[in-house]
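Peer 1: Okay, handing you the structure first.
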Amino acid sequence: MESMSNRQVITHNIQSPIVTVPGSKYLANRYIALAAIATGTTQLRNLPQNDDIEAALDAITQLGASVTEISPGVVDIEGIKHYSLAQTAEINCRDSGTLSRFITAVASNLSTEVVIDASQQMRQRPMQEVSQSLRELGVEVGSDTLPIKLKGPIKGGYVELDTSRSSQYLSGLLIACLKAKADTTLRLKGKTVSSSYIQLTKNAISLFGGVVEEVSNTELKIPAEQSVSAASIDIASDVVSSSYFMVAGLLAETSVTLKAFDFNSPQGESKFYQVLQQMGADIERTDSQLTLRYQQPLKGIEVDMGDMPDVVPTLVVLAMFAQGQTYITNIAHLAFKESNRIVDLCDELNKLGANIEYDDDSIRVTGGQKLTLHKLSSCHDHRLAMSFALLGIKMPGIVVTDAQAVEKSFPRYWEFLETIGIQTQVVDAS
Ligand SMILES: O=C(O)C1=C[C@@H](OP(=O)(O)O)[C@@H](O)[C@H](O)C1
Ligand SMILES: C=C(OP(=O)(O)O)C(=O)O
């Protein structure tokens with residue numbers, strides 16, 4: 001990983017930019033896991049190049065899949081042929097929550113021992129819903145936090161799964177249990193958070209010919225030993241990466257056009273532009289292109305962001321410049337991200353003189369405060385780093401520390417900012 005670097009936003013001159021963001025890491029994570037258990041060779045095009053996706057490709061290689069880079073952003077993945085290996089496989093999930101949860105489940109299909117580890121930060125994030133479920137499905141699982149040593153295969157059966165802290169546990173099990181030795185029934189208990197991500201997973205499974213039966217709203221059945229078939233896919237653009245450019249345009253009081261916008265995505269964040277529309281942004285859309293235009297001062301709103309967890313930092317930064325209050329609800333699960341995206345996000349922004357209150361499940365921003373420059377830490381959270389940098393449009397000179405955290409999902413972020421007219425530079429830590 002790149003060593004810690006700080007970024008300063010120097011100037012901006014944003015004039016109605018047109019942006020095409022890279023492919024979706026959310027879709028890529030699913031397609032990579034499915035390609036690993038598919039028969040044949042899957043081709044993925046427009047694959048985003050970032051730390052999480054690199055880690056995912058390395059991980060499936062450790063499990064016996066074979067990855068060939070055809071050209072930048074195009075890979076062929078030949079699925080695992082033998083579910084037993086000559087020696088223990090070791091996987092490093094780095095900072096990726098999605099990979100940690102997905103690969104722990106997928107690796108449980110092997111009859112060989114697998115050791116799954118991750119960064120210090122990821123080691124702190126919850127895994128026990130996955131480890132306990134896998135045990136109940138017949139897998140030997142050594143611990144409930146990373147590093148986890150396990151040995152499969154998944155026998156199948158019945159499991160009650162708590163999805164109140166993350167939907168990723170369910171997504172991982174849905175994919176992995178396609179290969180279980182007997183049918184698997186998953187009953188969901190607790191409130192399911194980030195539920196739109198489950199639809200994203202189900203759609204990806206269908207694309208590879210897999211079947212998940214919906215017995216009821218809270219019960220899913222996965223028939224055993226499915227033959228999952230390789231696919232050839234152009235990955236749609238990342239709906240969360242696009243949020244930074246939307247907000248950049250609004251903060252600069254101009255328009256922004258996003259090309260190849262994934263309007264059909266079931267992912268909650270694909271509707272973020274509608275939240276901005278409610279705040280007063282003008283929206284124009286064609287089949288594949290979205291334009292947001294600043295027309296009037298934005299107004300605070302009350303909004304349930306339970307299904308849009310990853311754009312909450314983007315929204316909070318914008319809300320600081322909107323009139324009145326923005327009340328963001330249903331976000332308790334943000335405590336379990338790369339940082340505590342309630343506490344860390346708000347505490348950092350309040351250092352500027354913002355008026356942001358929060359509790360376990362909500363954030364209330366009172367816009368229009370007088371702000372003064374203060375160095376902000378990304379808390380090693382890429383979404384905080386990218387959102388905080390946008391403050392430079394209103395507060396040139398702002399410094400974000402630990403800014404290389406963007407490598408996790410969007411290493412070319414600074415280059416993209418430059419292209420739309422926002423200059424940043426690396427500055428030293430003092
Ligand atoms: O399944 C996925 O790809 C993800 C689900 C969400 O997590 P939670 O379900 O933990 O909220 C989201 O925040 C994360 O970035 C990616
Ligand atoms: C929370 C995120 O990812 P993950 O859970 O995969 O680490 C994210 O990308 O904002």
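Identifiers in the structure tokens: chain A, B, ... in order shown; residue index from 1 per chain; ligand index from 1 in order shown.
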Kindly work out which residues sit at most 6 Å from ligand 1, using only C-alpha atoms and all ligand atoms, and give the list as a PyMOL selection string.
Peer 2: chain A and resi 26+98+166-168+194+197+309-310+333
Peer 1: Mind dumping the selected residues with C-alpha atoms as a PDB file, in the first residue's frame?
Peer 2:
ATOM      1  CA  TYR A  26     -19.887  -3.339  -6.420  1.00  0.00           C
ATOM      2  CA  THR A  98     -17.187  -6.923   0.679  1.00  0.00           C
ATOM      3  CA  SER A 166     -24.527  -5.604   7.047  1.00  0.00           C
ATOM      4  CA  SER A 167     -26.141  -7.103   3.963  1.00  0.00           C
ATOM      5  CA  GLN A 168     -22.773  -8.444   2.805  1.00  0.00           C
ATOM      6  CA  SER A 194     -28.678  -2.029   2.714  1.00  0.00           C
ATOM      7  CA  TYR A 197     -27.447  -4.713  -2.369  1.00  0.00           C
ATOM      8  CA  PRO A 309     -25.056   4.009   2.847  1.00  0.00           C
ATOM      9  CA  ASP A 310     -22.055   4.867   0.712  1.00  0.00           C
ATOM     10  CA  HIS A 333     -25.045   0.386   9.912  1.00  0.00           C
TER      11      HIS A 333
END
Peer 1: Give one line per residue of chain A that approaches ligand 2 to at most 7 Å, naming the two atoms of the closest pair and their distance in Å to one decimal, counting only C-alpha atoms and all ligand atoms; sort by chain then ascending residue number and deliver it as a tab-separated table.
Peer 2:
residue	atom	partner	partner_atom_place_in_ligand_line	distance
A:Asp95	CA	ligand 2	7 (O)	5.9
A:Ser96	CA	ligand 2	7 (O)	3.9
A:Gly97	CA	ligand 2	7 (O)	3.5
A:Thr98	CA	ligand 2	6 (O)	3.6
A:Leu99	CA	ligand 2	6 (O)	6.3
A:Asp310	CA	ligand 2	10 (O)	4.9
A:Lys337	CA	ligand 2	1 (C)	4.8
A:Glu338	CA	ligand 2	7 (O)	5.9
A:Arg383	CA	ligand 2	10 (O)	6.0
A:Ser409	CA	ligand 2	9 (O)	6.5
Peer 1: Check segment 154-188 of chain A with DSSP on the backbone and list each residue it calls strand (DSSP E or B), as a ChimeraX atom specification.
Peer 2: /A:157-162,184-188
Peer 1: Please, could you write that set of residues out with C-alpha atoms as a PDB file, in the first residue's frame?
Peer 2:
ATOM      1  CA  GLY A 157     -28.804 -26.947   5.713  1.00  0.00           C
ATOM      2  CA  TYR A 158     -30.697 -24.269   7.571  1.00  0.00           C
ATOM      3  CA  VAL A 159     -29.353 -21.048   9.029  1.00  0.00           C
ATOM      4  CA  GLU A 160     -30.828 -18.009  10.717  1.00  0.00           C
ATOM      5  CA  LEU A 161     -28.805 -15.000   9.648  1.00  0.00           C
ATOM      6  CA  ASP A 162     -28.729 -11.605  11.333  1.00  0.00           C
ATOM      7  CA  THR A 184     -29.460 -24.327   1.901  1.00  0.00           C
ATOM      8  CA  THR A 185     -32.242 -22.344   3.515  1.00  0.00           C
ATOM      9  CA  LEU A 186     -31.392 -18.919   4.884  1.00  0.00           C
ATOM     10  CA  ARG A 187     -33.866 -17.272   7.194  1.00  0.00           C
ATOM     11  CA  LEU A 188     -33.264 -13.574   7.817  1.00  0.00           C
TER      12      LEU A 188
END
Peer 1: Smallest atom-to-atom distance to Asp361 of chain A: which of A:Ile331, A:Val256, A:Ile53, A:Val311, using only C-alpha atoms?
Peer 2: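 Counting only C-alpha atoms, the residue closest to Asp361 of chain A is A:Ile331.
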Peer 1: Give me, as a PyMOL selection string, all polymer residues having an atom no more than 9 Å from Val19 of chain A, counting only C-alpha atoms and skipping those fewer than 5 positions away in the same chain.
Peer 2: chain A and resi 242+245+256-259+416+419-420
Peer 1: Those residues you just picked out, can you put them in a file as a PDB file, in the first residue's frame with C-alpha atoms?
Peer 2:
ATOM      1  CA  SER A 242     -20.456   9.418  -9.663  1.00  0.00           C
ATOM      2  CA  PHE A 245     -18.979  14.785  -9.375  1.00  0.00           C
ATOM      3  CA  VAL A 256     -22.274  18.325 -14.449  1.00  0.00           C
ATOM      4  CA  THR A 257     -23.029  15.616 -16.970  1.00  0.00           C
ATOM      5  CA  LEU A 258     -22.407  11.953 -16.199  1.00  0.00           C
ATOM      6  CA  LYS A 259     -22.070   9.765 -19.244  1.00  0.00           C
ATOM      7  CA  PHE A 416     -10.487  13.031 -12.327  1.00  0.00           C
ATOM      8  CA  THR A 419      -9.947  16.946 -15.395  1.00  0.00           C
ATOM      9  CA  ILE A 420     -13.096  18.693 -14.152  1.00  0.00           C
TER      10      ILE A 420
END
Peer 1: So which one's closest to Glu225 of chain A, A:Ile398, A:Ile154, A:Met320, A:Val115? Using only C-alpha atoms, please.
Peer 2: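 Of A:Ile398, A:Ile154, A:Met320, A:Val115, the one nearest Glu225 of chain A is A:Ile154, counting only C-alpha atoms.
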Peer 1: Compile the contact shell of Gly79 of chain A as a ChimeraX atom specification: residues with an atom at most 10 Å away, counting only C-alpha atoms, same-chain residues fewer than 2 positions apart removed.
Peer 2: /A:32-42,60-61,63-67,76-77,81-82,228-230
Peer 1: What's the 6 Å shell around segment 169-176 of chain A, counting only C-alpha atoms, without same-chain residues fewer than 4 positions away, as a list of chain:residue names?
Peer 2: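 The residues satisfying every condition are A:Arg101, A:Phe102, A:Ala105, A:Val106, A:Val130, A:Ile198, A:Thr201.
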Peer 1: If we count only C-alpha atoms and set the cut-off at 8 Å, which residues sit around Gly249 of chain A, ignoring sequence neighbours fewer than 5 positions away in its own chain? Please answer as an MDAnalysis selection string.
Peer 2: chainID A and resid 14 16 254:256 292:294
Peer 1: Could you save the residues just selected, with N, CA and C atoms, as a PDB file, in the first residue's frame?
Peer 2:
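Contents of the output file result.pdb:
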ATOM      1  N   ILE A  14     -14.462  25.047 -12.309  1.00  0.00           N
ATOM      2  CA  ILE A  14     -15.284  23.968 -12.853  1.00  0.00           C
ATOM      3  C   ILE A  14     -16.322  24.567 -13.786  1.00  0.00           C
ATOM      4  N   SER A  16     -19.158  23.238 -16.244  1.00  0.00           N
ATOM      5  CA  SER A  16     -20.033  22.239 -16.872  1.00  0.00           C
ATOM      6  C   SER A  16     -19.282  21.014 -17.394  1.00  0.00           C
ATOM      7  N   THR A 254     -22.617  25.047 -10.880  1.00  0.00           N
ATOM      8  CA  THR A 254     -22.595  24.868 -12.334  1.00  0.00           C
ATOM      9  C   THR A 254     -23.365  23.583 -12.664  1.00  0.00           C
ATOM     10  N   SER A 255     -23.171  23.052 -13.855  1.00  0.00           N
ATOM     11  CA  SER A 255     -23.818  21.780 -14.183  1.00  0.00           C
ATOM     12  C   SER A 255     -22.755  20.710 -14.365  1.00  0.00           C
ATOM     13  N   VAL A 256     -23.175  19.462 -14.230  1.00  0.00           N
ATOM     14  CA  VAL A 256     -22.274  18.325 -14.449  1.00  0.00           C
ATOM     15  C   VAL A 256     -23.047  17.284 -15.230  1.00  0.00           C
ATOM     16  N   LEU A 292     -26.961  17.244 -13.999  1.00  0.00           N
ATOM     17  CA  LEU A 292     -27.468  17.952 -12.825  1.00  0.00           C
ATOM     18  C   LEU A 292     -27.072  19.403 -12.974  1.00  0.00           C
ATOM     19  N   ARG A 293     -28.017  20.281 -12.685  1.00  0.00           N
ATOM     20  CA  ARG A 293     -27.735  21.705 -12.867  1.00  0.00           C
ATOM     21  C   ARG A 293     -28.077  22.451 -11.597  1.00  0.00           C
ATOM     22  N   TYR A 294     -27.161  23.315 -11.178  1.00  0.00           N
ATOM     23  CA  TYR A 294     -27.457  24.192 -10.044  1.00  0.00           C
ATOM     24  C   TYR A 294     -28.340  25.318 -10.551  1.00  0.00           C
TER      25      TYR A 294
END
Peer 1: I'd like the neighbourhood of Asn330 of chain A as a VMD selection string, where a residue qualifies if any of its atoms comes within 7 Å (using only C-alpha atoms), though same-chain residues fewer than 5 positions away should be ignored.
Peer 2: chain A and resid 304 to 306 361 to 362
